[in-house]
file work07.txt (compact mmCIF, C-alpha atoms)
# COMPACT_ATOMS: atom_id res chain seq x y z
CA MET Q 1 -4.86 -8.67 57.42
CA ASN Q 2 -5.80 -11.94 59.18
CA ASP Q 3 -4.55 -15.34 58.05
CA LYS Q 4 -7.89 -16.34 56.57
CA ALA Q 5 -7.87 -13.31 54.28
CA ARG Q 6 -4.33 -14.14 53.18
CA LEU Q 7 -5.16 -17.77 52.32
CA LYS Q 8 -4.83 -18.35 48.58
CA ARG Q 9 -5.84 -21.98 48.26
CA SER Q 10 -7.17 -24.77 50.45
CA ILE Q 11 -6.27 -28.13 48.86
CA VAL Q 12 -7.41 -31.70 49.41
CA PHE Q 13 -5.02 -34.45 48.32
CA PHE Q 14 -7.02 -37.64 47.84
CA LEU Q 15 -4.73 -40.66 48.30
CA VAL Q 16 -5.37 -43.76 46.21
CA PRO Q 17 -3.68 -47.08 47.13
CA ASN Q 18 -0.29 -47.49 45.43
CA PHE Q 19 0.01 -43.74 44.87
CA SER Q 20 3.33 -42.29 43.74
CA MET Q 21 5.26 -40.90 46.67
CA ILE Q 22 7.53 -38.74 44.51
CA ALA Q 23 4.59 -37.02 42.81
CA PHE Q 24 2.83 -36.55 46.15
CA ALA Q 25 5.91 -35.08 47.85
CA THR Q 26 6.89 -32.78 44.99
CA ALA Q 27 3.35 -31.40 44.91
CA ILE Q 28 3.22 -30.56 48.63
CA GLU Q 29 6.78 -29.36 49.24
CA PRO Q 30 6.63 -26.23 47.03
CA LEU Q 31 3.46 -25.23 48.88
CA ARG Q 32 5.21 -25.64 52.22
CA ILE Q 33 8.22 -23.65 51.03
CA ALA Q 34 5.97 -20.93 49.62
CA ASN Q 35 4.33 -20.49 53.02
CA ARG Q 36 7.76 -20.28 54.64
CA MET Q 37 9.06 -17.71 52.14
CA LEU Q 38 5.90 -15.61 52.44
CA GLY Q 39 5.78 -15.71 56.21
CA PHE Q 40 2.09 -16.63 56.30
CA GLU Q 41 -0.15 -19.54 55.36
CA ALA Q 42 -1.05 -18.88 51.74
CA TYR Q 43 -1.62 -22.59 51.11
CA ARG Q 44 -3.37 -25.06 53.37
CA TRP Q 45 -3.88 -28.73 52.67
CA ARG Q 46 -5.27 -31.91 54.13
CA LEU Q 47 -5.05 -35.56 53.12
CA ALA Q 48 -8.14 -37.64 52.41
CA SER Q 49 -8.68 -41.33 51.79
CA ALA Q 50 -11.78 -43.34 50.93
CA ASP Q 51 -12.38 -44.42 54.53
CA GLY Q 52 -10.20 -41.96 56.44
CA LYS Q 53 -7.64 -44.67 57.19
CA PRO Q 54 -3.92 -44.60 56.22
CA VAL Q 55 -3.04 -45.36 52.59
CA MET Q 56 -0.06 -47.34 51.35
CA ALA Q 57 2.09 -45.76 48.64
CA SER Q 58 3.71 -47.85 45.92
CA SER Q 59 6.92 -47.60 47.98
CA ASP Q 60 5.19 -49.49 50.84
CA ILE Q 61 5.19 -46.37 53.00
CA GLU Q 62 1.89 -45.72 54.76
CA ILE Q 63 0.56 -42.16 54.97
CA ALA Q 64 -2.11 -41.14 57.48
CA ALA Q 65 -5.24 -39.38 56.19
CA ASN Q 66 -6.99 -36.47 57.89
CA THR Q 67 -10.44 -37.04 56.43
CA SER Q 68 -12.63 -39.56 54.61
CA LEU Q 69 -14.79 -39.28 51.49
CA ASP Q 70 -17.86 -38.84 53.70
CA ASP Q 71 -16.13 -35.97 55.48
CA GLU Q 72 -15.18 -34.35 52.19
CA ARG Q 73 -18.70 -34.66 50.81
CA ARG Q 74 -19.89 -32.69 53.85
CA ASN Q 75 -17.02 -30.22 53.46
CA LEU Q 76 -18.27 -29.17 50.03
CA ILE Q 77 -20.66 -26.90 51.90
CA GLY Q 78 -19.29 -24.68 54.66
CA GLU Q 79 -16.07 -23.12 55.83
CA ASN Q 80 -13.98 -26.24 55.12
CA ARG Q 81 -14.84 -26.20 51.42
CA PRO Q 82 -11.59 -26.65 49.47
CA SER Q 83 -10.60 -24.57 46.46
CA MET Q 84 -8.73 -27.48 44.85
CA VAL Q 85 -8.79 -31.28 44.91
CA PHE Q 86 -5.92 -33.45 43.66
CA VAL Q 87 -6.13 -37.20 43.11
CA CYS Q 88 -2.82 -38.86 43.98
CA SER Q 89 -2.45 -42.24 42.30
CA GLY Q 90 0.27 -44.38 40.76
CA VAL Q 91 0.62 -47.99 39.64
CA HIS Q 92 -2.41 -50.24 39.01
CA VAL Q 93 -4.65 -47.18 38.65
CA GLU Q 94 -6.66 -48.93 35.93
CA ASN Q 95 -7.95 -51.36 38.59
CA TYR Q 96 -9.14 -48.68 41.00
CA GLN Q 97 -12.91 -48.70 41.35
CA ASN Q 98 -14.71 -46.47 43.81
CA LYS Q 99 -18.02 -45.00 42.67
CA SER Q 100 -18.21 -42.75 45.73
CA ALA Q 101 -14.85 -41.17 44.87
CA LEU Q 102 -15.91 -40.58 41.27
CA ALA Q 103 -19.19 -39.01 42.39
CA TRP Q 104 -17.34 -36.75 44.85
CA LEU Q 105 -14.95 -35.60 42.11
CA ARG Q 106 -17.85 -34.80 39.78
CA GLU Q 107 -19.68 -32.93 42.52
CA SER Q 108 -16.54 -30.97 43.44
CA TYR Q 109 -15.99 -29.98 39.82
CA ASN Q 110 -19.63 -29.01 39.32
CA ARG Q 111 -19.42 -26.78 42.38
CA GLY Q 112 -16.57 -24.81 40.80
CA ILE Q 113 -13.72 -26.47 42.69
CA SER Q 114 -10.56 -27.02 40.64
CA VAL Q 115 -9.83 -30.73 40.23
CA GLY Q 116 -6.49 -32.31 39.36
CA GLY Q 117 -4.58 -35.54 39.10
CA LEU Q 118 -0.97 -36.38 39.91
CA CYS Q 119 0.97 -39.09 38.04
CA THR Q 120 -1.83 -41.40 36.81
CA GLY Q 121 -4.61 -39.36 38.42
CA ALA Q 122 -5.94 -38.41 34.97
CA HIS Q 123 -7.19 -41.99 34.67
CA ILE Q 124 -9.49 -41.51 37.67
CA LEU Q 125 -10.62 -38.08 36.48
CA ALA Q 126 -11.47 -39.60 33.09
CA SER Q 127 -13.36 -42.42 34.82
CA ALA Q 128 -15.38 -39.71 36.57
CA GLY Q 129 -16.27 -38.27 33.16
CA LEU Q 130 -14.34 -35.03 33.63
CA LEU Q 131 -11.85 -35.22 30.76
CA SER Q 132 -13.97 -35.64 27.63
CA GLY Q 133 -12.74 -33.01 25.18
CA LYS Q 134 -10.23 -31.76 27.75
CA ARG Q 135 -6.43 -31.57 27.52
CA CYS Q 136 -4.65 -33.74 30.06
CA ALA Q 137 -1.30 -35.34 30.85
CA ILE Q 138 -0.43 -38.75 32.23
CA HIS Q 139 2.77 -40.68 32.81
CA TRP Q 140 4.20 -41.90 29.48
CA GLU Q 141 4.06 -45.53 30.62
CA ASN Q 142 0.27 -45.29 31.06
CA LEU Q 143 -0.44 -43.22 27.96
CA PRO Q 144 -1.13 -46.12 25.51
CA GLY Q 145 -3.70 -47.78 27.76
CA PHE Q 146 -5.26 -44.45 28.73
CA SER Q 147 -5.71 -43.26 25.13
CA GLU Q 148 -7.38 -46.54 24.17
CA THR Q 149 -9.69 -46.54 27.21
CA PHE Q 150 -10.62 -42.85 27.03
CA PRO Q 151 -10.52 -41.83 23.33
CA LYS Q 152 -12.46 -38.62 23.99
CA ALA Q 153 -9.78 -37.21 26.30
CA GLU Q 154 -7.08 -35.12 24.63
CA VAL Q 155 -4.09 -36.74 26.31
CA TYR Q 156 -0.53 -35.59 25.70
CA ALA Q 157 2.90 -36.82 26.74
CA ASP Q 158 3.51 -33.45 28.40
CA LEU Q 159 4.82 -32.73 31.88
CA PHE Q 160 1.52 -31.13 32.86
CA GLU Q 161 -1.65 -29.71 31.36
CA ILE Q 162 -4.00 -27.06 32.70
CA ASP Q 163 -7.35 -26.87 30.93
CA SER Q 164 -9.54 -24.29 32.64
CA ASN Q 165 -9.89 -25.62 36.22
CA LEU Q 166 -8.58 -29.13 35.44
CA TYR Q 167 -4.96 -29.79 36.40
CA THR Q 168 -3.08 -32.96 35.44
CA CYS Q 169 0.59 -33.87 35.50
CA ALA Q 170 2.68 -36.84 34.45
CA GLY Q 171 4.00 -37.68 37.90
CA GLY Q 172 7.53 -37.78 39.20
CA THR Q 173 8.99 -34.30 39.46
CA ALA Q 174 6.43 -32.94 36.97
CA ALA Q 175 4.23 -32.27 40.00
CA LEU Q 176 6.84 -29.76 41.16
CA ASP Q 177 6.68 -27.91 37.83
CA MET Q 178 2.89 -27.78 37.86
CA MET Q 179 2.76 -26.46 41.42
CA LEU Q 180 5.41 -23.84 40.68
CA LYS Q 181 3.29 -22.68 37.75
CA LEU Q 182 0.28 -22.43 40.08
CA ILE Q 183 2.26 -20.51 42.71
CA GLY Q 184 3.68 -18.19 40.04
CA ASP Q 185 0.16 -17.41 38.85
CA ASP Q 186 -0.93 -16.71 42.43
CA PHE Q 187 2.07 -14.53 43.28
CA ASP Q 188 5.09 -13.78 41.09
CA VAL Q 189 8.30 -15.14 39.59
CA ASN Q 190 10.35 -13.90 42.55
CA LEU Q 191 8.58 -16.30 44.90
CA VAL Q 192 8.99 -19.14 42.39
CA ASN Q 193 12.72 -18.41 42.15
CA SER Q 194 13.03 -18.45 45.94
CA ILE Q 195 11.31 -21.83 46.08
CA CYS Q 196 13.61 -23.19 43.36
CA GLU Q 197 16.64 -22.07 45.34
CA GLN Q 198 15.34 -23.80 48.46
CA ALA Q 199 14.53 -26.99 46.54
CA LEU Q 200 17.90 -26.91 44.72
CA THR Q 201 16.29 -26.96 41.30
CA ASP Q 202 17.60 -24.59 38.67
CA ARG Q 203 14.51 -24.00 36.56
CA VAL Q 204 10.79 -24.49 36.10
CA ARG Q 205 10.18 -26.73 33.13
CA LYS Q 206 7.52 -25.76 30.60
CA PRO Q 207 4.28 -27.77 30.34
CA HIS Q 208 5.21 -29.18 26.95
CA ASP Q 209 8.75 -30.24 27.81
CA ARG Q 210 9.18 -33.94 27.07
CA GLN Q 211 8.60 -36.52 29.80
CA ARG Q 212 11.16 -39.03 28.58
CA LEU Q 213 14.81 -38.53 27.80
CA PRO Q 214 15.53 -37.58 24.19
CA LEU Q 215 16.08 -40.63 22.00
CA ARG Q 216 19.76 -39.78 21.68
CA ALA Q 217 20.26 -40.04 25.43
CA ARG Q 218 17.76 -42.84 26.04
CA LEU Q 219 19.19 -45.19 23.41
CA GLY Q 220 22.80 -44.04 23.39
CA VAL Q 221 22.56 -43.53 19.62
CA GLN Q 222 24.27 -40.65 17.89
CA ASN Q 223 23.45 -41.30 14.22
CA SER Q 224 20.79 -38.75 13.22
CA LYS Q 225 19.39 -40.96 10.44
CA VAL Q 226 18.80 -43.86 12.82
CA LEU Q 227 17.15 -41.52 15.33
CA SER Q 228 14.86 -40.13 12.63
CA ILE Q 229 13.86 -43.64 11.58
CA ILE Q 230 13.09 -44.66 15.18
CA GLU Q 231 10.94 -41.55 15.66
CA MET Q 232 9.00 -42.52 12.53
CA MET Q 233 8.57 -46.06 13.84
CA GLU Q 234 7.32 -44.88 17.24
CA GLY Q 235 4.79 -42.62 15.50
CA CYS Q 236 3.36 -45.39 13.29
CA LEU Q 237 2.57 -48.42 15.45
CA THR Q 238 -1.03 -49.17 14.41
CA GLU Q 239 -0.17 -49.10 10.70
CA PRO Q 240 3.54 -49.94 10.48
CA LEU Q 241 5.55 -48.36 7.69
CA SER Q 242 7.29 -50.57 5.16
CA LEU Q 243 11.06 -50.37 4.94
CA LEU Q 244 10.64 -48.88 1.46
CA ASP Q 245 8.51 -46.06 2.92
CA VAL Q 246 11.10 -45.45 5.63
CA ALA Q 247 13.92 -45.44 3.09
CA GLY Q 248 12.12 -42.89 0.93
CA ASN Q 249 11.52 -40.59 3.90
CA VAL Q 250 15.15 -40.49 5.06
CA GLY Q 251 16.88 -40.64 1.67
CA LEU Q 252 18.68 -43.93 2.25
CA SER Q 253 18.52 -47.30 0.54
CA ARG Q 254 17.12 -50.38 2.27
CA ARG Q 255 20.60 -51.86 2.40
CA GLN Q 256 22.02 -48.73 4.05
CA ILE Q 257 19.26 -48.77 6.68
CA GLU Q 258 19.86 -52.47 7.38
CA ARG Q 259 23.57 -51.83 7.86
CA LEU Q 260 23.06 -48.78 10.08
CA PHE Q 261 20.62 -50.60 12.38
CA ARG Q 262 22.91 -53.58 12.80
CA GLN Q 263 25.78 -51.22 13.64
CA GLU Q 264 23.85 -48.94 16.02
CA MET Q 265 21.08 -51.16 17.41
CA GLY Q 266 22.52 -54.66 17.06
CA ARG Q 267 19.50 -55.92 15.12
CA SER Q 268 17.63 -55.42 11.88
CA PRO Q 269 15.20 -52.49 11.50
CA ALA Q 270 12.33 -54.96 11.11
CA ARG Q 271 13.24 -56.64 14.40
CA TYR Q 272 13.56 -53.32 16.21
CA TYR Q 273 10.19 -52.14 14.84
CA LEU Q 274 8.60 -55.40 16.02
CA GLU Q 275 10.00 -54.92 19.53
CA ILE Q 276 8.59 -51.37 19.74
CA ARG Q 277 5.14 -52.64 18.76
CA LEU Q 278 5.30 -55.52 21.23
CA ASP Q 279 6.34 -53.15 24.00
CA ARG Q 280 3.23 -51.05 23.34
CA ALA Q 281 1.15 -54.23 23.29
CA ARG Q 282 2.53 -55.21 26.69
CA HIS Q 283 1.48 -51.87 28.17
CA LEU Q 284 -2.01 -52.26 26.71
CA LEU Q 285 -2.36 -55.77 28.10
CA ILE Q 286 -1.31 -54.62 31.55
CA GLN Q 287 -3.16 -51.30 31.68
CA SER Q 288 -6.40 -51.94 29.80
CA SER Q 289 -9.15 -54.52 29.46
CA MET Q 290 -8.97 -54.50 25.65
CA PRO Q 291 -9.48 -57.97 24.13
CA VAL Q 292 -6.24 -59.52 22.93
CA VAL Q 293 -7.36 -59.30 19.31
CA GLU Q 294 -7.94 -55.55 19.68
CA VAL Q 295 -4.51 -55.12 21.25
CA ALA Q 296 -3.06 -56.97 18.26
CA VAL Q 297 -4.79 -54.65 15.79
CA ALA Q 298 -3.81 -51.53 17.76
CA CYS Q 299 -0.17 -52.59 17.50
CA GLY Q 300 -0.18 -53.34 13.79
CA PHE Q 301 -0.58 -57.12 13.72
CA VAL Q 302 -2.76 -58.67 11.03
CA SER Q 303 -3.89 -61.59 13.19
CA ALA Q 304 -4.13 -62.54 16.85
CA SER Q 305 -2.23 -65.79 16.19
CA HIS Q 306 0.74 -63.97 14.64
CA PHE Q 307 0.69 -61.48 17.50
CA SER Q 308 0.67 -64.26 20.11
CA LYS Q 309 3.54 -66.06 18.38
CA CYS Q 310 5.71 -62.92 18.29
CA TYR Q 311 4.80 -62.00 21.86
CA ARG Q 312 5.73 -65.41 23.20
CA GLU Q 313 9.05 -65.38 21.33
CA LEU Q 314 10.03 -62.05 22.91
CA TYR Q 315 8.60 -62.34 26.43
CA GLY Q 316 8.45 -66.10 26.96
CA ARG Q 317 4.70 -66.14 27.63
CA SER Q 318 1.50 -65.58 25.71
CA PRO Q 319 -0.49 -62.32 25.83
CA GLN Q 320 -3.20 -64.18 27.75
CA GLN Q 321 -0.68 -65.37 30.33
CA GLU Q 322 0.74 -61.84 30.64
CA ARG Q 323 -2.69 -60.54 31.58
CA ALA Q 324 -3.42 -63.48 33.92
CA ASP Q 325 -0.06 -63.04 35.70
CA ARG Q 326 -0.78 -59.34 36.13
CA LYS Q 327 -4.17 -60.05 37.70
CA GLN Q 328 -2.62 -62.53 40.12
CA LEU Q 329 0.06 -60.02 41.10
CA ILE Q 330 -2.54 -57.34 41.84
CA ALA Q 331 -4.76 -59.78 43.76
CA ALA Q 332 -1.81 -60.80 45.92
call {"tool": "encode", "arguments": {"input": "work07.txt", "output": "structure tokens"}}
result
Amino acid sequence: MNDKARLKRSIVFFLVPNFSMIAFATAIEPLRIANRMLGFEAYRWRLASADGKPVMASSDIEIAANTSLDDERRNLIGENRPSMVFVCSGVHVENYQNKSALAWLRESYNRGISVGGLCTGAHILASAGLLSGKRCAIHWENLPGFSETFPKAEVYADLFEIDSNLYTCAGGTAALDMMLKLIGDDFDVNLVNSICEQALTDRVRKPHDRQRLPLRARLGVQNSKVLSIIEMMEGCLTEPLSLLDVAGNVGLSRRQIERLFRQEMGRSPARYYLEIRLDRARHLLIQSSMPVVEVAVACGFVSASHFSKCYRELYGRSPQQERADRKQLIAA
């Protein structure tokens, strides 16, 4: 059997400025190791950029591209037609605008090519109109802004999602898990285990494993009642629960909850709840173009003036200044 007959997948990785190097590397490395373990080229890949020039990752490392968008448009017909396309992006993805790239992604998808996104790549796929009514995953830090900007996409805080021929992952090492799932589907668990041994990873995580550390580890809190209350708070940011509602749900009195929070969190439950809501607001201001008043409503504030007052007290600047500073940083 010749090498062409053995080839399983030909993949294009489309690099977007400020892409995540860790997601990019952990997507390619299992493919390289698979080829090595198999003894033939089952996976082939090339790197594309908008203009064919090198692209800078968020780590300030420049990666050379093999092809341009124009090249890849031509490659959709002929022997260089890929079987998969992955968008590699990272920070500031909400500011990426390239109509040619979006058109190419739509055309690729319509021609039956599998399309995916690494880290924040789901944002670009959604901008191309590919994720309406589709399951997808994105990095937890970008999830609030994404869900507000693309309400028709079924986004989850999962490691990765595969919906038909759409592949998305949350970035970081989640790209490794998604690629191992793909390789396992192409071959078998024995090859996946061999790759894991080479990469010094002990298991393939499931798609729905959590992205973030469990609350217990993330906050250093052991009290199960406090953890339950925080989970309730994080699940009700648009319409905050009253302390009476919280107390009824966990079987404690208001006074007991106040005491527990001061012991475990060093502040009142009301203050902690406010900080969670303001943290979500900060992500929305940075990652979306939502008007400040809409951000306020989305985070459970009854007025923009009250929201601005609370925001300034916590972060030392107004919501408007937060957004202006972000724009200046990106422009620089």
call {"tool": "residues_around", "arguments": {"input": "work07.txt", "residues": "Q:Arg9", "least_positions_apart": "2", "cutoff": "9 Å", "atoms": "all atoms listed in the file", "output": "MDAnalysis selection string"}}
result
chainID Q and resid 7 11 42:45 82:84
call {"tool": "closest_residue", "arguments": {"input": "work07.txt", "among": "Q:Ser49, Q:Gln263, Q:Gln320, Q:Ser127", "to": "Q:Val221", "atoms": "all atoms listed in the file"}}
result
Q:Gln263
call {"tool": "residues_around", "arguments": {"input": "work07.txt", "residues": "Q:Arg203", "least_positions_apart": "5", "cutoff": "9 Å", "atoms": "all atoms listed in the file", "output": "number ranges by chain"}}
result
Q: 177, 193, 196
call {"tool": "write_last_selection", "arguments": {"input": "work07.txt", "atoms": "C-alpha atoms", "output": "mmCIF file, keeping the file's coordinate frame"}}
result
data_model
loop_
_atom_site.group_PDB
_atom_site.id
_atom_site.type_symbol
_atom_site.label_atom_id
_atom_site.label_comp_id
_atom_site.auth_asym_id
_atom_site.auth_seq_id
_atom_site.Cartn_x
_atom_site.Cartn_y
_atom_site.Cartn_z
ATOM 1 C CA ASP Q 177 6.680 -27.910 37.830
ATOM 2 C CA ASN Q 193 12.720 -18.410 42.150
ATOM 3 C CA CYS Q 196 13.610 -23.190 43.360
#
call {"tool": "atom_distance", "arguments": {"input": "work07.txt", "atom1": "atom CA of Q:Ala170", "atom2": "atom CA of Q:Ala137"}}
result
5.6 Å
call {"tool": "closest_residue", "arguments": {"input": "work07.txt", "among": "Q:Met56, Q:Ile77, Q:Ile229, Q:Cys169", "to": "Q:Ser242", "atoms": "only C-alpha atoms"}}
result
Q:Ile229
call {"tool": "residues_around", "arguments": {"input": "work07.txt", "residues": "Q:Val87", "least_positions_apart": "5", "cutoff": "7 Å", "atoms": "all atoms listed in the file", "output": "VMD selection string"}}
result
chain Q and resid 13 to 15 116 to 118 121
call {"tool": "atom_distance", "arguments": {"input": "work07.txt", "atom1": "atom CA of Q:Arg262", "atom2": "atom CA of Q:Leu219"}}
result
14.0 Å
call {"tool": "atom_distance", "arguments": {"input": "work07.txt", "atom1": "atom CA of Q:Arg267", "atom2": "atom CA of Q:Thr238"}}
result
21.6 Å
call {"tool": "residues_around", "arguments": {"input": "work07.txt", "residues": "Q:Leu244", "least_positions_apart": "5", "cutoff": "9 Å", "atoms": "only C-alpha atoms", "output": "MDAnalysis selection string"}}
result
chainID Q and resid 249 253:254
call {"tool": "write_last_selection", "arguments": {"input": "work07.txt", "atoms": "C-alpha atoms", "output": "PDB file, in the frame of the given file"}}
result
ATOM      1  CA  ASN Q 249      11.520 -40.590   3.900  1.00  0.00           C
ATOM      2  CA  SER Q 253      18.520 -47.300   0.540  1.00  0.00           C
ATOM      3  CA  ARG Q 254      17.120 -50.380   2.270  1.00  0.00           C
TER       4      ARG Q 254
END
call {"tool": "closest_residue", "arguments": {"input": "work07.txt", "among": "Q:Glu161, Q:Ser228, Q:Ser10, Q:Ile28", "to": "Q:Asn80", "atoms": "all atoms listed in the file"}}
result
Q:Ser10
call {"tool": "closest_residue", "arguments": {"input": "work07.txt", "among": "Q:Leu252, Q:Ala153, Q:Arg111, Q:Asp188", "to": "Q:Gly129", "atoms": "all atoms listed in the file"}}
result
Q:Ala153
call {"tool": "residues_near_point", "arguments": {"input": "work07.txt", "point": "(-0.2, -19.6, 52.6)", "cutoff": "12 Å", "atoms": "all atoms listed in the file", "output": "ChimeraX atom specification"}}
result
/Q:2-11,30-45,183,186-187
call {"tool": "residues_around", "arguments": {"input": "work07.txt", "residues": "Q:Met178", "least_positions_apart": "4", "cutoff": "9 Å", "atoms": "only C-alpha atoms", "output": "list of chain:residue names"}}
result
Q:Ala27, Q:Leu159, Q:Phe160, Q:Glu161, Q:Ile162, Q:Tyr167, Q:Thr168, Q:Cys169, Q:Ala174, Q:Leu182, Q:Ile183, Q:Val204, Q:Arg205, Q:Lys206, Q:Pro207
call {"tool": "closest_residue", "arguments": {"input": "work07.txt", "among": "Q:Arg277, Q:Arg74, Q:Arg312, Q:Arg81", "to": "Q:Ser114", "atoms": "all atoms listed in the file"}}
result
Q:Arg81
call {"tool": "closest_residue", "arguments": {"input": "work07.txt", "among": "Q:Trp140, Q:Glu264, Q:Arg255, Q:Gly171", "to": "Q:Tyr156", "atoms": "all atoms listed in the file"}}
result
Q:Trp140
